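The data block below is coords-v2.txt; it holds compact mmCIF, C-alpha atoms.
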# COMPACT_ATOMS: atom_id res chain seq x y z
CA MET A 9 -25.26 43.78 -37.73
CA GLU A 10 -26.53 45.04 -41.07
CA VAL A 11 -28.73 48.13 -41.21
CA LYS A 12 -30.48 49.10 -44.44
CA ILE A 13 -32.08 52.47 -45.05
CA LEU A 14 -34.54 52.38 -47.91
CA GLY A 15 -35.39 55.67 -49.56
CA THR A 16 -35.06 57.56 -52.81
CA GLY A 17 -33.34 60.61 -51.33
CA CYS A 18 -36.21 62.69 -49.95
CA LYS A 19 -35.79 64.85 -46.85
CA ASN A 20 -37.19 62.16 -44.52
CA CYS A 21 -34.87 59.53 -46.02
CA LYS A 22 -31.85 61.78 -45.44
CA THR A 23 -33.01 62.55 -41.89
CA LEU A 24 -33.36 58.84 -41.12
CA GLU A 25 -29.90 58.08 -42.49
CA ALA A 26 -28.36 60.87 -40.39
CA ARG A 27 -30.14 59.66 -37.24
CA VAL A 28 -29.08 56.05 -37.76
CA ARG A 29 -25.46 57.06 -38.30
CA ARG A 30 -25.54 59.30 -35.21
CA VAL A 31 -27.02 56.54 -33.01
CA VAL A 32 -24.49 53.99 -34.28
CA GLU A 33 -21.57 56.36 -33.71
CA THR A 34 -22.74 57.73 -30.35
CA ASN A 35 -23.36 54.27 -28.91
CA ALA A 36 -20.33 52.55 -30.48
CA ILE A 37 -22.53 50.00 -32.22
CA GLU A 38 -20.85 47.85 -34.84
CA ALA A 39 -23.09 48.06 -37.88
CA ASN A 40 -22.75 47.96 -41.62
CA ILE A 41 -25.06 50.73 -42.86
CA ILE A 42 -26.36 50.39 -46.41
CA LYS A 43 -28.44 53.06 -48.18
CA ILE A 44 -30.72 51.71 -50.90
CA GLU A 45 -32.16 54.31 -53.29
CA ASP A 46 -33.24 52.14 -56.23
CA ILE A 47 -37.06 52.10 -56.26
CA ALA A 48 -37.25 48.60 -57.76
CA GLU A 49 -35.02 47.23 -55.00
CA ILE A 50 -37.04 49.07 -52.34
CA MET A 51 -40.25 47.53 -53.68
CA GLU A 52 -38.71 44.05 -53.32
CA TYR A 53 -38.96 44.61 -49.56
CA ASN A 54 -42.70 45.37 -49.93
CA ILE A 55 -42.20 48.90 -48.66
CA MET A 56 -44.58 51.27 -50.39
CA ALA A 57 -43.95 54.31 -48.15
CA THR A 58 -40.40 55.46 -47.51
CA PRO A 59 -38.23 55.76 -45.60
CA GLY A 60 -37.82 52.17 -44.55
CA LEU A 61 -35.45 50.77 -41.96
CA LEU A 62 -34.28 47.18 -41.80
CA VAL A 63 -32.08 45.56 -39.19
CA ASP A 64 -30.61 42.22 -40.28
CA GLU A 65 -33.24 41.99 -43.06
CA LYS A 66 -36.16 42.56 -40.64
CA ILE A 67 -38.36 45.60 -41.31
CA VAL A 68 -38.47 47.65 -38.11
CA SER A 69 -39.93 50.88 -39.49
CA LYS A 70 -41.53 52.15 -42.68
CA GLY A 71 -43.20 55.33 -43.83
CA ARG A 72 -41.90 57.47 -40.98
CA VAL A 73 -38.75 58.73 -39.30
CA PRO A 74 -38.33 57.09 -35.88
CA SER A 75 -36.70 58.98 -33.02
CA GLU A 76 -33.10 58.32 -32.04
CA LYS A 77 -34.39 56.52 -28.94
CA GLU A 78 -36.50 54.19 -31.10
CA ILE A 79 -33.58 53.58 -33.45
CA LEU A 80 -31.38 52.63 -30.50
CA GLU A 81 -34.06 50.16 -29.35
CA PHE A 82 -34.23 48.64 -32.84
CA LEU A 83 -30.46 48.22 -32.92
CA SER A 84 -30.30 46.82 -29.37
CA ASN A 85 -32.81 44.00 -29.89
Encoded form (structure tokens):
Amino acid sequence: MEVKILGTGCKNCKTLEARVRRVVETNAIEANIIKIEDIAEIMEYNIMATPGLLVDEKIVSKGRVPSEKEILEFLSN
């Protein structure tokens, strides 16, 4: 599974990255986590409000920081 975190480095982007990594580690999920900070690349995904979260190229969240429970649901589907 490939998980992309889209964000330029703001507090919410860092919080999302930490939560995703914690959920992956805690639940022994095999995932390749990629952090994308380049604004031009982020805009290619049509995300205008960061942070954004993609799972296998599907946008599952944008413009907010989902809870760890929500993140686990995104990664389990």
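The interatomic distance for the pair atom CA of Ala36 of chain A and atom CA of Glu49 of chain A works out to 29.1 Å.
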* Asked: Counting only C-alpha atoms, which residues come within 10 Å of (-26.8, 51.3, -50.2), with the point read in the file's coordinates, and could you list them as a PyMOL selection string?
  -> chain A and resi 11-15+41-46
* Enter the distance from atom CA of Asn20 of chain A to atom CA of Lys66 of chain A, in Å, rounded to one decimal. => 20.0 Å
* Determine, counting all atoms listed in the file, which protein, DNA and RNA residues have an atom within 12 Å of an atom of Cys18 of chain A; residues of the same chain fewer than 2 positions away are not included. Present the result as number ranges by chain. => A: 14-16, 20-25, 45, 57-60, 71-73
* For Leu80 of chain A: contacts at 10 Å, all atoms listed in the file, fewer than 2 positions along chain excluded, given as number ranges by chain -> A: 27-28, 31-32, 35, 37, 74-78, 82-85
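Taking atom CA of Met9 of chain A and atom CA of Ile50 of chain A as the two end points, the separation is 19.5 Å.
Residue nearest Leu61 of chain A within the list A:Glu10, A:Glu38, A:Glu33, A:Ala48: A:Glu10 [criterion: smallest interatomic distance, all atoms listed in the file].
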